[in-house]
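Down below is the structure, laid out as structure tokens.
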Amino acid sequence: MDPHPQHLIGDCLIHIFTFLPEEDLLRASGVCQDWHGAAETPWLWRRLCLQRWTFCDLTAFRSERVDHSWKKYYLRRSHLEMKMTKGRTGGYTCRSLRGHAGKVVGVTYLQESSAQLPHLWNVSATVCSAGSDGTVRTWNTQSGELLWCSPEQKPLSGIMSDERREVVITIESTGLIKTWSGRSGQELGSFSAPGRPFTLLQYDVSDSWFLTVGNGLGSLWTLAGTGLTRASSLVVGDSAIDILLVSPDKSLMVVGSSDGGAATVICTQSLTSPSEDGDPLRVSTPIRGSGAAAFIPTQPARLAVMDNEHTLNKTLYVFDLSIKKSKFKSEIQVQQVESFPVSLEVSPHRMILKASDSNRLVLVVDQELLVFSLKGDLLARFKDHTMRITSVHVLPCRDGIRGPLPTRDDVEQRRRLWDDPGEPVPPTGRFSHHVQSVDSRLL
């Protein structure tokens, strides 16, 4: 009798192996040549990777000496996670950065973040942290060295950065906004705005630097240059501004409140270079309320908006925005190109909407993440998180979406892995920077 029946070879054998966990698949690979060939099928290991992690990036382990494959990715990432869980060294870098006397309220990359460099662990990256002790601190993540520290000021509530110009932007609990040189720590400018909370948006127009600030009273300020010279101010409504977006072509800005009425589309030039005798060029979107919004990065000004109706059956709209100029006037046109229903399982506390380079929409509803095409096809639905998702970062890649997508609780759990024995929570004024696989991208 043939010890290797033909019906167990090839596709049938691969199908049987789909029921095996990775340990048994490795054992089956050593039985014979036919089993080894079937167990090495890339599709099997790709399936195991996506079942375990959902988001995978094979380039994370790419090197000239190591051939990258789904199997090697699975084994190396599993090994790294095991070593991190047990506190073993090797294959990753973890630096505990201490110095703040108060709570760390925010961390941002200043120089060459992992969004631009997939091989972050091979370079020296710089991060900035802001603390409730009123100091800004800049660190070298490879050495753990403190590069500079600002003088003490009022407690800080937020931090962001412009990596290209190496500028750090902080905001105090009192509403004072400051800019700092990322290289020297020198204060570059300041601007005091009333009406907490604040939403900040930094962008460039024709290589000129701008910062637009929306407050909790519906007012909008646009500041020019890192010295924060006021270019314009505008009252948009009476609700807190928490939607503040600029189109990829920088011609239009969308301002709104997730709890208020329709979002407002404003000509960016009306904010950065306002005319002395004319009102800002603006128009409202044709839906009653905007719960979340995002521009499609591959189009000049294509906007996706989720309504904020208090029901489980919502609608996601897609609009093309443009400025039509005639001899006597200019006007903003908002043309609907798509709309589709979105059925939710629970009433959301907060929604987040992002768009990818592959024209996919990522919608976060509390603990759930949904991926749609621009035509409304539900491509994926993930329920991996046990706590509410508070932030999402979509990176450009071949498949359009790359993770991770952390919750506050997820981040705290990752930090706890590196506390000293007996410390159940991170000490005040300390945070850890991880450089390992894709998990370093948002931590």
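How things are named: the first chain in the structure tokens is A, the next is B, and so on; residues count from 1 in each chain; ligands count from 1 in the order shown.
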
Pull the closest atom pair for each residue of stretch 220-325 of chain A that gets at most 7 Å from stretch 185-193 of chain A, along with the distance in Å to one decimal, counting only C-alpha atoms, ordering rows by chain and then ascending residue number, as a tab-separated table.
```
residue	atom	partner	partner_atom	distance
A:Thr226	CA	A:Gly189	CA	6.3
A:Gly227	CA	A:Gly189	CA	4.0
A:Leu228	CA	A:Gly189	CA	5.6
```

Let me see the file: selected residues, C-alpha atoms, as a PDB file, in the first residue's frame.
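Okay, this is what ended up in selection-v8.pdb:
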```
ATOM      1  CA  THR A 226       6.318  79.592  14.929  1.00  0.00           C
ATOM      2  CA  GLY A 227       6.239  82.964  16.702  1.00  0.00           C
ATOM      3  CA  LEU A 228       2.406  82.524  16.824  1.00  0.00           C
TER       4      LEU A 228
END
```

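Near A:Lys375, within 9 Å and counting only C-alpha atoms, sit Glu338, Ser339 and Phe340 of chain A; same-chain residues fewer than 4 positions away were not included.
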
Next, write the just-selected residues to a file, as a short mmCIF file (atom, residue, chain, number, x, y, z; two decimals), in the first residue's frame, keeping C-alpha atoms as the atom set.
```cif
data_model
loop_
_atom_site.label_atom_id
_atom_site.label_comp_id
_atom_site.auth_asym_id
_atom_site.auth_seq_id
_atom_site.Cartn_x
_atom_site.Cartn_y
_atom_site.Cartn_z
CA GLU A 338 -21.83 58.71 -1.87
CA SER A 339 -23.86 57.78 1.21
CA PHE A 340 -24.54 54.48 2.91
#
```

Query raised in the report: Just asking: which residues within stretch 62-303 of chain A are strand (DSSP E) according to DSSP, as a PyMOL selection string?
Result: chain A and resi 93-98+104-111+126-131+136-140+146-149+156-162+167-172+176-181+187-192+199-205+208-214+219-224+229-235+243-246+252-256+264-267+282-284+290-295+302-303

**Report entry** Two-atom distance - atom CA of A:Ala224, atom CA of A:Pro274 (Å)
**Finding:** 12.0 Å

Report task. Find the residue from A:Asp242, A:Pro21, A:Leu75, A:Ser270 that sits nearest to A:Ser258; use only C-alpha atoms when measuring. Result ->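 Selected residue with least distance to A:Ser258: A:Asp242.
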